[in-house]
Amino acid sequence: MYYKRMARQLDPLAEIPLSAADAEFRDEVRTWLDEHLVGDFAGQAHRGGPDDDDNWELRRAWEAELARGGWLGLSWPREYGGREATLSQEIVFAMEYARAGAPPRAAFHGETLMAPALLAHGTEEQKQRFLPPITRAEVVWCQGYSEPGAGSDLANVSCRAHRDGDEWVVSGEKIWTTFAHHADWIFAIVRTEPGSVRHAGLSYLLIPLDQPGVEVRPIRTMLGDSGFNSVYFDGARTSADNLIGEPGSGWTAAMTTLGHERATSVLNYQFSFAREMEQLRELATRRGALRDELVRDRFVEAFIGLQIMGYNNIRSLTRALVDGRFGPEASIGKYYWSRWHQSFTELAMDVLESDALLGTEWDDGPDEASAAMRRAFIRARAETIYAGTSEIQKNIISERVLGLPREPKPVAS
């Protein structure tokens with residue numbers, strides 16, 4: 001009985017009281033999802049993660065369906081194609097979206113990562129040009145941050161651009177670029193001031209990918225997918241009007257993007273984790289794993305961790321409502337959820353026992369549920385790395401949240 005009660009409680013943020021307007025909005029979301037999550041779109045929540053392109057064509061079709069329903073760019077001003085929803089309504093949408101088991105998003109990089117930086121730091125002309133196509137699901141963006149020598153240490157970026165008349169000319173390499181082989185545009189951090197070091201001299205540049213001087217090479221992962229890519233620039237060009245902010249001041253816009261990545265992604269992950277936990281509970285019940293008291297204890301521990309995640313999210317979102325932005329506290333959520341998910345998927349492998357050794361194709365093994373768990377386990381190995389490693393998150397928390405002294409820099413020998 002306890003585990004049945006636990007399953008009913010796996011509804012993150014369910015205790016948040018809703019205003020009349022938010023309750024009406026929730027009912028609108030539920031009704032639309034019930035009417036549109038049918039046919040090929042039904043039952044696809046597990047097909048495709050944030051960094052693999054499994055089920056890509058269906059996910060793009062679903063993106064267009066969301067656009068026709070007016071669900072993209074929810075909080076944006078109406079003149080850019082949004083509907084000026086509140087932050088609480090964005091939370092409601094994310095919660096209902098996950099509960100309904102809707103397909104993973106295909107074009108989230110533009111809407112959830114690039115757009116916040118553009119809204120905060122871009123010109124009116126840039127907003128009018130780049131935002132409406134996102135709400136119409138007409139364009140796919142990818143993120144050009146990491147490089148072979150600059151991962152979590154983003155200030156070490158060496159990909160460069162120089163001004164040539166009315167254009168920027170870009171040379172260098174970006175790596176681990178999710179969906180670059182599908183994308184139309186990339187938002188990239190590049191060094192535009194020769195001789196500059198660290199944060200100074202970096203710019204936030206929007207670059208079209210379909211042009212000479214751009215080569216995209218997919219990277220095949222352990223899942224058998226090629227969602228990651230290396231992107232090579234060799235004299236690629238983009239208009240001078242495609243620079244966000246002033247030349248050399250791109251660090252601020254870059255931090256806006258990272259703040260949203262670490263904060264808003266937590267909310268979506270939390271809801272998907274709740275769905276995974278219910279899925280694993282059903283698998284464990286069917287396989288008799290819950291007869292093992294150690295497995296039961298680990299389920300309880302995972303459940304408690306998910307509740308802690310929810311309370312921390314409420315704290316972060318409340319702070320965002322007050323300040324109008326996501327601050328360094330977002331790193332707490334990123335650090336916590338990535339470690340929690342690794343532990344949870346290790347529990348899943350123990351529940352699967354010998355089936356954990358099967359492949360990750362959807363027809364490997366007895367059912368898609370166990371395949372989904374194996375894929376989640378492999379994907380979780382990277383979750384403490386992307387969007388800033390756990391070590392970077394701990395530095396941010398200690399220095400920018402707790403106010404502790406900065407980590408000493410290594411002394412050259």
# chains A, B, ... in the order shown; residues from 1 in each chain; ligands from 1
$ select_by_dssp --residues "segment 111-191 of chain A" --states "alpha helix (DSSP H)" --output "PyMOL selection string"
chain A and resi 115-121+124-135
$ residues_around --residues "Leu347 of chain A" --least-positions-apart "3" --cutoff "12 Å" --atoms "only C-alpha atoms" --output "MDAnalysis selection string"
chainID A and resid 276:277 280:281 283:284 289:290 294:303 340:344 350:353 356 373:374 376:377
$ atom_distance --atom1 "atom CA of Gly213 of chain A" --atom2 "atom CA of Arg237 of chain A"
7.9 Å
$ residues_around --residues "Leu202 of chain A" --least-positions-apart "3" --cutoff "9 Å" --atoms "only C-alpha atoms" --output "list in words"
Ala155, Val157, Arg160, Ile189, Val190, Arg191, Thr192, Glu193, Ser196, Val197, Arg198, His199, Pro247, Gly248, Ser249, Gly250 and Trp251 of chain A
$ residues_around --residues "segment 166-171 of chain A" --least-positions-apart "5" --cutoff "8 Å" --atoms "only C-alpha atoms" --output "PyMOL selection string"
chain A and resi 159-161+232-240
$ atom_distance --atom1 "atom CA of Glu35 of chain A" --atom2 "atom CA of Pro77 of chain A"
26.5 Å
$ closest_residue --among "A:Ala372, A:Ala20, A:Ala107, A:Ala382" --to "Trp176 of chain A" --atoms "only C-alpha atoms"
A:Ala382
$ residues_around --residues "segment 120-122 of chain A" --least-positions-apart "4" --cutoff "12 Å" --atoms "only C-alpha atoms" --output "JSON, numbers by chain"
{"A": [76, 113, 114, 115, 116, 126, 127, 128, 129, 130, 131, 203, 204, 205, 206, 241, 242, 243, 244, 245, 246, 249, 250, 251, 252, 253, 254, 255, 256, 257, 260, 324, 325]}
$ residues_around --residues "Tyr97 of chain A" --least-positions-apart "4" --cutoff "12 Å" --atoms "only C-alpha atoms" --output "ChimeraX atom specification"
/A:26,28-34,36-37,45,66,71,89-93,101-105,267-269,271-272,275
$ write_last_selection --atoms "N, CA, C and O atoms" --output "mmCIF file, in the first residue's frame"
data_model
loop_
_atom_site.group_PDB
_atom_site.id
_atom_site.type_symbol
_atom_site.label_atom_id
_atom_site.label_comp_id
_atom_site.auth_asym_id
_atom_site.auth_seq_id
_atom_site.Cartn_x
_atom_site.Cartn_y
_atom_site.Cartn_z
ATOM 1 N N ARG A 26 -4.513 25.913 -16.825
ATOM 2 C CA ARG A 26 -4.221 24.481 -16.687
ATOM 3 C C ARG A 26 -5.270 23.645 -17.398
ATOM 4 O O ARG A 26 -4.932 22.681 -18.110
ATOM 5 N N GLU A 28 -7.091 24.552 -19.895
ATOM 6 C CA GLU A 28 -6.899 24.737 -21.332
ATOM 7 C C GLU A 28 -5.777 23.836 -21.850
ATOM 8 O O GLU A 28 -5.902 23.194 -22.901
ATOM 9 N N VAL A 29 -4.665 23.779 -21.093
ATOM 10 C CA VAL A 29 -3.532 22.937 -21.494
ATOM 11 C C VAL A 29 -3.953 21.474 -21.522
ATOM 12 O O VAL A 29 -3.678 20.745 -22.495
ATOM 13 N N ARG A 30 -4.634 21.020 -20.477
ATOM 14 C CA ARG A 30 -5.050 19.618 -20.402
ATOM 15 C C ARG A 30 -5.974 19.252 -21.563
ATOM 16 O O ARG A 30 -5.824 18.185 -22.177
ATOM 17 N N THR A 31 -6.924 20.128 -21.844
ATOM 18 C CA THR A 31 -7.865 19.852 -22.922
ATOM 19 C C THR A 31 -7.154 19.749 -24.264
ATOM 20 O O THR A 31 -7.400 18.832 -25.053
ATOM 21 N N TRP A 32 -6.235 20.691 -24.517
ATOM 22 C CA TRP A 32 -5.523 20.680 -25.794
ATOM 23 C C TRP A 32 -4.669 19.422 -25.928
ATOM 24 O O TRP A 32 -4.656 18.786 -26.989
ATOM 25 N N LEU A 33 -3.955 19.071 -24.877
ATOM 26 C CA LEU A 33 -3.106 17.880 -24.934
ATOM 27 C C LEU A 33 -3.942 16.620 -25.130
ATOM 28 O O LEU A 33 -3.569 15.724 -25.899
ATOM 29 N N ASP A 34 -5.072 16.528 -24.455
ATOM 30 C CA ASP A 34 -5.946 15.367 -24.627
ATOM 31 C C ASP A 34 -6.411 15.232 -26.077
ATOM 32 O O ASP A 34 -6.510 14.131 -26.622
ATOM 33 N N HIS A 36 -4.860 16.467 -28.821
ATOM 34 C CA HIS A 36 -3.814 16.435 -29.839
ATOM 35 C C HIS A 36 -2.781 15.325 -29.635
ATOM 36 O O HIS A 36 -2.071 14.986 -30.587
ATOM 37 N N LEU A 37 -2.694 14.775 -28.434
ATOM 38 C CA LEU A 37 -1.771 13.659 -28.216
ATOM 39 C C LEU A 37 -2.446 12.363 -28.630
ATOM 40 O O LEU A 37 -2.740 11.480 -27.808
ATOM 41 N N ALA A 45 6.675 9.701 -25.198
ATOM 42 C CA ALA A 45 7.426 10.494 -24.221
ATOM 43 C C ALA A 45 8.845 9.986 -24.021
ATOM 44 O O ALA A 45 9.755 10.763 -23.728
ATOM 45 N N LEU A 66 2.573 22.032 -31.812
ATOM 46 C CA LEU A 66 2.617 22.986 -30.692
ATOM 47 C C LEU A 66 2.515 24.421 -31.193
ATOM 48 O O LEU A 66 1.844 25.266 -30.574
ATOM 49 N N TRP A 71 1.600 27.281 -28.336
ATOM 50 C CA TRP A 71 2.263 26.911 -27.099
ATOM 51 C C TRP A 71 3.767 27.177 -27.113
ATOM 52 O O TRP A 71 4.462 26.821 -26.156
ATOM 53 N N GLN A 89 2.333 30.119 -15.129
ATOM 54 C CA GLN A 89 1.669 29.400 -16.210
ATOM 55 C C GLN A 89 2.669 28.576 -17.017
ATOM 56 O O GLN A 89 2.332 27.481 -17.498
ATOM 57 N N GLU A 90 3.894 29.078 -17.162
ATOM 58 C CA GLU A 90 4.931 28.269 -17.795
ATOM 59 C C GLU A 90 5.181 26.991 -16.993
ATOM 60 O O GLU A 90 5.399 25.908 -17.558
ATOM 61 N N ILE A 91 5.184 27.119 -15.666
ATOM 62 C CA ILE A 91 5.374 25.951 -14.804
ATOM 63 C C ILE A 91 4.218 24.973 -14.984
ATOM 64 O O ILE A 91 4.419 23.757 -15.112
ATOM 65 N N VAL A 92 3.002 25.497 -15.014
ATOM 66 C CA VAL A 92 1.824 24.652 -15.211
ATOM 67 C C VAL A 92 1.920 23.911 -16.542
ATOM 68 O O VAL A 92 1.647 22.708 -16.620
ATOM 69 N N PHE A 93 2.332 24.621 -17.590
ATOM 70 C CA PHE A 93 2.438 23.980 -18.900
ATOM 71 C C PHE A 93 3.462 22.846 -18.871
ATOM 72 O O PHE A 93 3.210 21.749 -19.381
ATOM 73 N N GLY A 101 2.655 12.902 -21.057
ATOM 74 C CA GLY A 101 3.539 12.032 -21.825
ATOM 75 C C GLY A 101 3.751 12.502 -23.245
ATOM 76 O O GLY A 101 3.823 11.698 -24.179
ATOM 77 N N ALA A 102 3.873 13.816 -23.434
ATOM 78 C CA ALA A 102 4.085 14.377 -24.765
ATOM 79 C C ALA A 102 5.503 14.082 -25.255
ATOM 80 O O ALA A 102 6.414 13.865 -24.446
ATOM 81 N N PRO A 103 5.723 14.068 -26.571
ATOM 82 C CA PRO A 103 7.059 13.766 -27.106
ATOM 83 C C PRO A 103 8.099 14.774 -26.650
ATOM 84 O O PRO A 103 7.774 15.942 -26.383
ATOM 85 N N PRO A 104 9.364 14.369 -26.559
ATOM 86 C CA PRO A 104 10.443 15.314 -26.231
ATOM 87 C C PRO A 104 10.514 16.410 -27.290
ATOM 88 O O PRO A 104 10.220 16.190 -28.463
ATOM 89 N N ARG A 105 10.945 17.583 -26.856
ATOM 90 C CA ARG A 105 11.013 18.728 -27.752
ATOM 91 C C ARG A 105 12.189 18.601 -28.711
ATOM 92 O O ARG A 105 13.251 18.119 -28.351
ATOM 93 N N LEU A 267 13.128 22.024 -14.103
ATOM 94 C CA LEU A 267 11.692 21.811 -13.979
ATOM 95 C C LEU A 267 11.232 20.700 -14.910
ATOM 96 O O LEU A 267 10.529 19.770 -14.505
ATOM 97 N N ASN A 268 11.634 20.770 -16.175
ATOM 98 C CA ASN A 268 11.244 19.731 -17.130
ATOM 99 C C ASN A 268 11.787 18.371 -16.730
ATOM 100 O O ASN A 268 11.088 17.353 -16.834
ATOM 101 N N TYR A 269 13.056 18.340 -16.276
ATOM 102 C CA TYR A 269 13.637 17.079 -15.865
ATOM 103 C C TYR A 269 12.893 16.495 -14.669
ATOM 104 O O TYR A 269 12.663 15.291 -14.592
ATOM 105 N N PHE A 271 9.796 16.688 -13.787
ATOM 106 C CA PHE A 271 8.548 16.048 -14.165
ATOM 107 C C PHE A 271 8.808 14.741 -14.922
ATOM 108 O O PHE A 271 8.095 13.756 -14.744
ATOM 109 N N SER A 272 9.822 14.739 -15.789
ATOM 110 C CA SER A 272 10.131 13.506 -16.520
ATOM 111 C C SER A 272 10.685 12.446 -15.574
ATOM 112 O O SER A 272 10.429 11.246 -15.751
ATOM 113 N N ARG A 275 7.876 10.661 -13.980
ATOM 114 C CA ARG A 275 7.313 9.662 -14.884
ATOM 115 C C ARG A 275 8.208 8.419 -14.938
ATOM 116 O O ARG A 275 7.723 7.282 -14.942
#
$ closest_residue --among "A:Asp53, A:Glu346, A:Glu173, A:Glu124" --to "Glu79 of chain A" --atoms "only C-alpha atoms"
A:Glu124
$ closest_residue --among "A:Phe187, A:Arg375, A:Phe228, A:Ser390" --to "Pro208 of chain A" --atoms "only C-alpha atoms"
A:Phe187
$ closest_residue --among "A:Ile385, A:Val140, A:Ala21, A:Met222" --to "Thr86 of chain A" --atoms "only C-alpha atoms"
A:Ala21
$ closest_residue --among "A:Thr112, A:Pro133, A:Lys409, A:Ser370" --to "Glu282 of chain A" --atoms "only C-alpha atoms"
A:Ser370
$ select_by_dssp --residues "segment 96-345 of chain A" --states "strand (DSSP E)" --output "JSON, numbers by chain"
{"A": [141, 142, 143, 144, 160, 161, 162, 163, 164, 167, 168, 169, 170, 171, 172, 173, 174, 185, 186, 187, 188, 189, 190, 191, 202, 203, 204, 205, 206, 207, 208, 214, 215, 216, 217, 218, 219, 228, 229, 230, 231, 232, 233, 234, 235, 236, 237, 238, 239, 243, 244]}
$ write_last_selection --atoms "N, CA and C atoms" --output "short mmCIF file (atom, residue, chain, number, x, y, z; two decimals), in the first residue's frame"
data_model
loop_
_atom_site.label_atom_id
_atom_site.label_comp_id
_atom_site.auth_asym_id
_atom_site.auth_seq_id
_atom_site.Cartn_x
_atom_site.Cartn_y
_atom_site.Cartn_z
N TRP A 141 17.56 25.79 -33.83
CA TRP A 141 18.81 26.39 -33.37
C TRP A 141 19.64 25.34 -32.64
N CYS A 142 20.95 25.57 -32.61
CA CYS A 142 21.83 24.78 -31.76
C CYS A 142 22.79 25.72 -31.02
N GLN A 143 23.43 25.20 -30.01
CA GLN A 143 24.26 26.00 -29.10
C GLN A 143 25.74 25.74 -29.34
N GLY A 144 26.50 26.78 -29.65
CA GLY A 144 27.93 26.66 -29.88
C GLY A 144 28.74 27.23 -28.73
N ARG A 160 37.23 32.09 -33.04
CA ARG A 160 37.38 33.54 -33.20
C ARG A 160 36.57 34.07 -34.38
N ALA A 161 36.34 35.37 -34.34
CA ALA A 161 35.67 36.05 -35.44
C ALA A 161 36.28 37.44 -35.59
N HIS A 162 36.43 37.91 -36.83
CA HIS A 162 36.92 39.26 -37.05
C HIS A 162 35.97 39.97 -38.00
N ARG A 163 35.92 41.26 -37.86
CA ARG A 163 35.01 42.09 -38.65
C ARG A 163 35.59 42.32 -40.04
N ASP A 164 34.74 42.12 -41.05
CA ASP A 164 35.12 42.38 -42.43
C ASP A 164 33.97 43.14 -43.08
N GLU A 167 30.22 42.26 -42.15
CA GLU A 167 30.10 40.86 -41.74
C GLU A 167 31.17 40.50 -40.71
N TRP A 168 30.86 39.43 -39.97
CA TRP A 168 31.84 38.78 -39.12
C TRP A 168 32.29 37.50 -39.81
N VAL A 169 33.59 37.25 -39.79
CA VAL A 169 34.16 36.05 -40.40
C VAL A 169 34.63 35.15 -39.25
N VAL A 170 34.14 33.90 -39.24
CA VAL A 170 34.32 33.01 -38.09
C VAL A 170 35.23 31.84 -38.47
N SER A 171 36.17 31.53 -37.57
CA SER A 171 37.06 30.37 -37.75
C SER A 171 37.25 29.68 -36.40
N GLY A 172 37.26 28.35 -36.42
CA GLY A 172 37.45 27.60 -35.19
C GLY A 172 36.54 26.39 -35.14
N GLU A 173 36.42 25.79 -33.95
CA GLU A 173 35.66 24.55 -33.80
C GLU A 173 34.80 24.60 -32.55
N LYS A 174 33.60 24.06 -32.66
CA LYS A 174 32.73 23.80 -31.53
C LYS A 174 32.46 22.31 -31.47
N TRP A 185 20.50 27.45 -37.60
CA TRP A 185 21.35 28.50 -37.02
C TRP A 185 22.03 27.97 -35.78
N ILE A 186 23.15 28.61 -35.44
CA ILE A 186 23.87 28.32 -34.20
C ILE A 186 24.10 29.64 -33.46
N PHE A 187 23.86 29.66 -32.15
CA PHE A 187 24.27 30.82 -31.35
C PHE A 187 25.56 30.41 -30.65
N ALA A 188 26.60 31.21 -30.86
CA ALA A 188 27.94 30.80 -30.46
C ALA A 188 28.65 31.89 -29.70
N ILE A 189 29.50 31.47 -28.77
CA ILE A 189 30.39 32.39 -28.08
C ILE A 189 31.74 32.33 -28.79
N VAL A 190 32.18 33.47 -29.30
CA VAL A 190 33.43 33.53 -30.08
C VAL A 190 34.28 34.69 -29.56
N ARG A 191 35.57 34.59 -29.81
CA ARG A 191 36.50 35.64 -29.37
C ARG A 191 36.68 36.64 -30.52
N LEU A 202 34.93 38.34 -25.55
CA LEU A 202 34.03 37.34 -26.11
C LEU A 202 32.74 37.99 -26.60
N SER A 203 32.19 37.45 -27.67
CA SER A 203 30.95 37.99 -28.23
C SER A 203 29.95 36.86 -28.47
N TYR A 204 28.66 37.22 -28.44
CA TYR A 204 27.54 36.29 -28.62
C TYR A 204 27.04 36.49 -30.03
N LEU A 205 27.31 35.52 -30.90
CA LEU A 205 27.10 35.69 -32.33
C LEU A 205 26.11 34.65 -32.86
N LEU A 206 25.21 35.08 -33.74
CA LEU A 206 24.24 34.21 -34.39
C LEU A 206 24.73 33.94 -35.81
N ILE A 207 24.88 32.64 -36.15
CA ILE A 207 25.55 32.27 -37.40
C ILE A 207 24.68 31.27 -38.16
N PRO A 208 24.36 31.55 -39.43
CA PRO A 208 23.64 30.56 -40.25
C PRO A 208 24.56 29.40 -40.59
N VAL A 214 31.26 26.08 -43.35
CA VAL A 214 30.72 25.38 -42.18
C VAL A 214 30.66 23.89 -42.48
N GLU A 215 31.26 23.09 -41.62
CA GLU A 215 31.20 21.64 -41.74
C GLU A 215 30.70 21.05 -40.43
N VAL A 216 29.67 20.22 -40.51
CA VAL A 216 29.11 19.55 -39.34
C VAL A 216 29.41 18.07 -39.42
N ARG A 217 30.07 17.54 -38.39
CA ARG A 217 30.41 16.12 -38.35
C ARG A 217 29.73 15.47 -37.15
N PRO A 218 28.76 14.60 -37.39
CA PRO A 218 28.07 13.93 -36.27
C PRO A 218 29.02 13.07 -35.45
N ILE A 219 28.75 12.98 -34.15
CA ILE A 219 29.50 12.15 -33.22
C ILE A 219 28.57 11.03 -32.76
N PHE A 228 24.95 14.52 -30.98
CA PHE A 228 26.08 15.43 -30.81
C PHE A 228 26.85 15.59 -32.12
N ASN A 229 27.52 16.73 -32.24
CA ASN A 229 28.28 17.01 -33.45
C ASN A 229 29.50 17.87 -33.14
N SER A 230 30.49 17.80 -34.02
CA SER A 230 31.53 18.81 -34.09
C SER A 230 31.17 19.76 -35.23
N VAL A 231 31.37 21.06 -35.00
CA VAL A 231 31.08 22.06 -36.03
C VAL A 231 32.37 22.83 -36.29
N TYR A 232 32.77 22.84 -37.55
CA TYR A 232 34.01 23.50 -37.95
C TYR A 232 33.68 24.74 -38.78
N PHE A 233 34.28 25.86 -38.38
CA PHE A 233 34.13 27.12 -39.12
C PHE A 233 35.46 27.44 -39.79
N ASP A 234 35.40 27.68 -41.09
CA ASP A 234 36.59 28.04 -41.86
C ASP A 234 36.23 29.21 -42.77
N GLY A 235 36.20 30.39 -42.19
CA GLY A 235 35.83 31.57 -42.95
C GLY A 235 34.33 31.71 -43.15
N ALA A 236 33.54 31.09 -42.28
CA ALA A 236 32.09 31.26 -42.34
C ALA A 236 31.73 32.71 -42.03
N ARG A 237 30.62 33.17 -42.58
CA ARG A 237 30.26 34.57 -42.44
C ARG A 237 28.85 34.74 -41.86
N THR A 238 28.69 35.83 -41.14
CA THR A 238 27.37 36.22 -40.66
C THR A 238 27.31 37.74 -40.59
N SER A 239 26.14 38.27 -40.77
CA SER A 239 25.96 39.72 -40.80
C SER A 239 26.38 40.36 -39.48
N LEU A 243 25.09 40.15 -34.10
CA LEU A 243 25.81 40.16 -32.82
C LEU A 243 24.85 40.62 -31.73
N ILE A 244 24.73 39.84 -30.66
CA ILE A 244 23.86 40.20 -29.54
C ILE A 244 24.67 41.01 -28.53
#
$ residues_around --residues "Gly359 of chain A" --least-positions-apart "5" --cutoff "8 Å" --atoms "only C-alpha atoms" --output "PyMOL selection string"
chain A and resi 364-365+371+374
$ write_last_selection --atoms "C-alpha atoms" --output "mmCIF file, in the first residue's frame"
data_model
loop_
_atom_site.group_PDB
_atom_site.id
_atom_site.type_symbol
_atom_site.label_atom_id
_atom_site.label_comp_id
_atom_site.auth_asym_id
_atom_site.auth_seq_id
_atom_site.Cartn_x
_atom_site.Cartn_y
_atom_site.Cartn_z
ATOM 1 C CA ASP A 364 16.216 -5.050 -27.610
ATOM 2 C CA GLY A 365 14.776 -7.075 -24.773
ATOM 3 C CA ALA A 371 14.959 -0.254 -23.095
ATOM 4 C CA ARG A 374 18.848 1.343 -20.211
#
$ atom_distance --atom1 "atom CA of Ser88 of chain A" --atom2 "atom CA of Leu72 of chain A"
15.5 Å
